[in-house]
Protein chains: 2
Amino acid sequence: MTKSQDSVFSEILGTIKSCLPLESEEFNLHEPLFCGREWEYVKECLDTGWVSSVGKYVDKFERMLEDYTGSRKAIAVVNGTAAMHVCLKLAGVEVGDEVMMPALTFIATANAVSYCGAVPHFIDSDFATMGLSPNKLDDRLREIARIESNQCVNRITGRRIKAVVPVHTFGHPVEIDSLIDICKKYSLTLIEDAAESLGSFYKNKHTGTFGLFGVLSFNGNKIVTTGGGGAILTNDEDLGKLAKHITTTAKLPHRWAFVHDRVAFNYRMPNINAAIGCAQIEQLPVFLGNKRNLAEKYKKAFDRNKYALFASEPSETRSNYWLNTIKLLEPYAKMRDHLLDFLHDHGVKARPPWQLMNMLQMYRDCPRDDLTNSELICASCVNIPSGAELAKNSQIAGE
Amino acid sequence: MTKSQDSVFSEILGTIKSCLPLESEEFNLHEPLFCGREWEYVKECLDTGWVSSVGKYVDKFERMLEDYTGSRKAIAVVNGTAAMHVCLKLAGVEVGDEVMMPALTFIATANAVSYCGAVPHFIDSDFATMGLSPNKLDDRLREIARIESNQCVNRITGRRIKAVVPVHTFGHPVEIDSLIDICKKYSLTLIEDAAESLGSFYKNKHTGTFGLFGVLSFNGNKIVTTGGGGAILTNDEDLGKLAKHITTTAKLPHRWAFVHDRVAFNYRMPNINAAIGCAQIEQLPVFLGNKRNLAEKYKKAFDRNKYALFASEPSETRSNYWLNTIKLLEPYAKMRDHLLDFLHDHGVKARPPWQLMNMLQMYRDCPRDDLTNSELICASCVNIPSGAELAKNSQIAGE
């Protein structure tokens, strides 16, 4: 016999709240935390007038990202969408190409493909990672791909398949080793959407550093924020230089002349935003520690909950637990939308995964494989409050 | 008999320096000035955690821009390039269209056209405004255009001509009334590149409010800065709403669901940058006053200089004098590049106009008209230090 909806919802709410600070009544999904030197650095920008393209913080931020991720080059840009756009361009994605990507992602991944005039091709996710399924991708390529003069072509659509863009969903690393093998087999370029996974590692190597390019985001809802911002990671020094060049209008260095050598983008991150980023990166280990504490509390609490499972980090990975996720068990999954309303009504700003890309009107005609797992994840999962400040306070409140 | 190069350069340097603060030895072209409430507003963003897409300053900044310019709607975005891209899209500029624009402009104008897959068509400037010449545009259209089912087509290339994008060069308003007439005659959409002309008026109406859209920039070198930033102006409320929608990923409002209804952009201005913008706009009248004082000093000083003319605001306009400009007289124009080196060597960070768009390798095959005036302006003009702080200090130093 299944319990009444209200008692199920109350128990889930209780389990979530048992992990959160006692003194609060409202819990946002992910709030930024400024308790480092943000102030000092921003003040320096304002005092010196270096708020825009001139100033030391963009360089400093890029070097900090390189140090932290182990990527040879990091290029700071206005946001993750811009970063992905440039990576796809530099990977040679052209008008009419196809790009393999998960259906389960934020819209930026698909939009960046569209900006190149290319077509997203949606592949299913695995339950363990919530990210692109290597097996499903391999099966799909076996079914539709042929290699012609070292290029991968979709036999059904006739379009070239140029790249694979996995997403480290909610911070959990995707099974990247297998994806690398598939990319090699089919001559595809790997670009990692690591927008959500700063601080997440796969076999001790930072996400976003396995592919030709990786993309980070520093939007206000991310683990580290610059207001709005993103970065391109690459281990190829030449591509890194080119990425810097074409994100800064491709102006040739000269003390007074204005000569640009190609059509390029105005995607540079302003110095004042980079200043905030520097202070944030300094706190990243603390943020990660707090978020891990919170995730462990959730995990323990949900082990005793009969209605939902907590999504732990996949094996051989260390997740940043950007957005903690629970999955409703059967037969409660069908109540998911009502649960979201209930949680919001009770001050818990939970959210579902994004609507699957193939369900949006502008992407519904794109090629796609069977998406059974994605549909289940999308319909049954709930992201619950995950900000670093929640663990901090709840420790003070005592568990 | 012409003077020696060195004595000409020394006299020009002397004339420039006679208008600048006595106590300085280095003069940048245009530095931002933060002497208002930037601090207070930025601190509020950091204290509340509202640095990104959530927060009151983006709305406040947009309302301040509407009040100041008289535009019915203003939409804040990441930069002027992004603003122009969206305006062209919303004006219906499509792949293969042509867009009439001056050859004399910053590369963003041409790049934004390229992002739409459209082709810039370069037209000459007038000496008085340094902006798009209505007569030359009219002549060119008479020569090449025909109207087919209410659309303007280039008879030579066969492409549709969709829009005209004049630039208010260095802050001086272009002759916009005549351009409006031409646009009507040829069914062309007018989009004003007012990136440089916040605070500039044509017949008492703010630049950027005459066309279907206007574009502002708040880059660090502009009269008002947000670090990096731009805005779209429009008097069409529906287009304004649409511009807001497609610059913010086209997400449909919902308290938890993630549904987007079209391919759109992540071009929103972060709240922390808007906070700086609000404080800057509060000081705009002071900046404009200081810059006008400086321009008047330059004008008076160059009236006595035999080698160069100061570019005053065109008749029936009020310029923000964003970048003060001098034009070398014959036979001294040919020394221009040496003068730039000389000025830099003596601490005056002067610059030339941008290289003409048709001279850049990526735009050299675009259609263009005779560009004699643009070539002369480009070869003989020099922008001289213009920041608001220069007038402020020099008043203190006494003239």
# chains A, B, ... in the order shown; residues from 1 in each chain; ligands from 1
>>> residues_around(residues="region 48-64 of chain A", least_positions_apart="5", cutoff="9 Å", atoms="only C-alpha atoms", output="PyMOL selection string")
(chain A and resi 41-43+69+73-76+231+268-278+281-282) or (chain B and resi 31-34+219-221+225-228)
>>> residues_around(residues="Val86 (chain A)", least_positions_apart="2", cutoff="12 Å", atoms="only C-alpha atoms", output="MDAnalysis selection string")
chainID A and resid 75:84 88:94 109 112:113 115:116 191 213:215 230:234 239:240 242:248 264:268
>>> write_last_selection(atoms="N, CA and C atoms", output="short mmCIF file (atom, residue, chain, number, x, y, z; two decimals), in the first residue's frame")
data_model
loop_
_atom_site.label_atom_id
_atom_site.label_comp_id
_atom_site.auth_asym_id
_atom_site.auth_seq_id
_atom_site.Cartn_x
_atom_site.Cartn_y
_atom_site.Cartn_z
N ILE A 75 41.34 30.43 -20.49
CA ILE A 75 41.00 31.73 -21.07
C ILE A 75 39.67 32.17 -20.48
N ALA A 76 39.66 33.29 -19.77
CA ALA A 76 38.44 33.77 -19.12
C ALA A 76 37.57 34.51 -20.13
N VAL A 77 36.27 34.23 -20.11
CA VAL A 77 35.33 34.87 -21.04
C VAL A 77 34.06 35.28 -20.30
N VAL A 78 33.12 35.88 -21.04
CA VAL A 78 31.92 36.45 -20.40
C VAL A 78 30.99 35.42 -19.77
N ASN A 79 30.91 34.23 -20.32
CA ASN A 79 30.09 33.19 -19.70
C ASN A 79 30.36 31.83 -20.36
N GLY A 80 29.76 30.80 -19.81
CA GLY A 80 29.99 29.44 -20.29
C GLY A 80 29.47 29.24 -21.71
N THR A 81 28.38 29.89 -22.05
CA THR A 81 27.83 29.78 -23.40
C THR A 81 28.84 30.27 -24.43
N ALA A 82 29.42 31.44 -24.15
CA ALA A 82 30.43 32.02 -25.04
C ALA A 82 31.63 31.08 -25.15
N ALA A 83 32.05 30.52 -24.00
CA ALA A 83 33.19 29.60 -24.00
C ALA A 83 32.89 28.41 -24.91
N MET A 84 31.70 27.83 -24.78
CA MET A 84 31.36 26.67 -25.61
C MET A 84 31.31 27.04 -27.09
N LEU A 88 33.67 25.15 -29.89
CA LEU A 88 33.11 24.45 -31.05
C LEU A 88 33.70 25.00 -32.34
N LYS A 89 33.79 26.34 -32.41
CA LYS A 89 34.37 26.99 -33.60
C LYS A 89 35.81 26.51 -33.81
N LEU A 90 36.60 26.55 -32.73
CA LEU A 90 38.02 26.20 -32.85
C LEU A 90 38.20 24.70 -33.09
N ALA A 91 37.21 23.91 -32.71
CA ALA A 91 37.27 22.47 -32.99
C ALA A 91 36.90 22.19 -34.43
N GLY A 92 36.50 23.23 -35.16
CA GLY A 92 36.19 23.05 -36.57
C GLY A 92 34.74 22.67 -36.85
N VAL A 93 33.87 22.88 -35.88
CA VAL A 93 32.44 22.61 -36.12
C VAL A 93 31.90 23.66 -37.08
N GLU A 94 31.32 23.20 -38.17
CA GLU A 94 30.88 24.11 -39.22
C GLU A 94 29.38 23.97 -39.49
N THR A 109 24.42 24.33 -23.97
CA THR A 109 25.17 23.36 -24.77
C THR A 109 24.59 23.27 -26.18
N ALA A 112 24.91 26.75 -28.18
CA ALA A 112 26.25 27.01 -28.72
C ALA A 112 26.45 26.24 -30.03
N VAL A 113 25.92 25.02 -30.09
CA VAL A 113 25.99 24.25 -31.34
C VAL A 113 25.20 24.99 -32.44
N TYR A 115 24.64 28.18 -32.69
CA TYR A 115 25.34 29.40 -33.13
C TYR A 115 26.32 29.09 -34.26
N CYS A 116 26.85 27.86 -34.26
CA CYS A 116 27.78 27.47 -35.32
C CYS A 116 27.05 27.01 -36.58
N ILE A 191 34.85 17.70 -26.56
CA ILE A 191 34.79 18.99 -25.85
C ILE A 191 33.94 18.77 -24.61
N PHE A 213 39.08 20.61 -25.64
CA PHE A 213 38.69 21.78 -24.87
C PHE A 213 37.78 21.37 -23.71
N GLY A 214 37.77 22.19 -22.68
CA GLY A 214 36.78 22.08 -21.61
C GLY A 214 36.21 23.47 -21.36
N VAL A 215 34.98 23.50 -20.87
CA VAL A 215 34.30 24.77 -20.64
C VAL A 215 33.88 24.87 -19.18
N GLY A 230 32.86 32.73 -17.63
CA GLY A 230 33.15 31.37 -18.04
C GLY A 230 34.61 31.27 -18.40
N ALA A 231 35.05 30.07 -18.72
CA ALA A 231 36.44 29.91 -19.14
C ALA A 231 36.55 28.74 -20.11
N ILE A 232 37.55 28.86 -20.97
CA ILE A 232 37.93 27.80 -21.89
C ILE A 232 39.19 27.15 -21.32
N LEU A 233 39.20 25.82 -21.24
CA LEU A 233 40.41 25.10 -20.85
C LEU A 233 40.94 24.33 -22.05
N THR A 234 42.25 24.32 -22.21
CA THR A 234 42.85 23.47 -23.24
C THR A 234 44.30 23.18 -22.88
N LEU A 239 46.24 26.41 -29.50
CA LEU A 239 44.79 26.63 -29.49
C LEU A 239 44.40 27.59 -28.37
N GLY A 240 45.12 27.51 -27.27
CA GLY A 240 44.86 28.43 -26.16
C GLY A 240 45.12 29.87 -26.56
N LEU A 242 45.09 31.00 -29.61
CA LEU A 242 44.08 31.36 -30.60
C LEU A 242 42.75 31.68 -29.92
N ALA A 243 42.42 30.90 -28.89
CA ALA A 243 41.16 31.15 -28.16
C ALA A 243 41.19 32.54 -27.52
N LYS A 244 42.33 32.91 -26.96
CA LYS A 244 42.45 34.25 -26.36
C LYS A 244 42.27 35.32 -27.46
N HIS A 245 42.92 35.07 -28.59
CA HIS A 245 42.87 36.03 -29.69
C HIS A 245 41.44 36.23 -30.20
N ILE A 246 40.75 35.14 -30.46
CA ILE A 246 39.42 35.32 -31.07
C ILE A 246 38.33 35.65 -30.04
N THR A 247 38.64 35.59 -28.75
CA THR A 247 37.66 36.08 -27.76
C THR A 247 37.90 37.55 -27.44
N THR A 248 38.95 38.13 -28.01
CA THR A 248 39.27 39.54 -27.72
C THR A 248 39.38 40.32 -29.02
N ALA A 264 35.96 37.89 -35.33
CA ALA A 264 36.18 37.33 -33.99
C ALA A 264 35.12 37.85 -33.03
N PHE A 265 35.29 37.53 -31.75
CA PHE A 265 34.26 37.80 -30.77
C PHE A 265 34.73 38.79 -29.71
N ASN A 266 33.77 39.47 -29.12
CA ASN A 266 34.03 40.33 -27.98
C ASN A 266 33.52 39.58 -26.75
N TYR A 267 34.29 38.58 -26.34
CA TYR A 267 33.86 37.69 -25.25
C TYR A 267 34.75 37.84 -24.03
N ARG A 268 35.58 38.84 -23.96
CA ARG A 268 36.52 38.93 -22.84
C ARG A 268 35.79 39.15 -21.51
#
>>> select_by_dssp(residues="region 221-323 of chain B", states="helix (DSSP H, G or I)", output="count of residues only")
44
>>> select_by_dssp(residues="region 83-236 of chain A", states="strand (DSSP E or B)", output="PyMOL selection string")
chain A and resi 98-102+119-123+125+132+145-148+151-154+160-164+167+189-193+201-202+205-206+213-217+230-234
>>> closest_residue(among="A:Val382, A:Ala195, A:Leu288, A:Leu188", to="chain B", atoms="only C-alpha atoms")
A:Val382
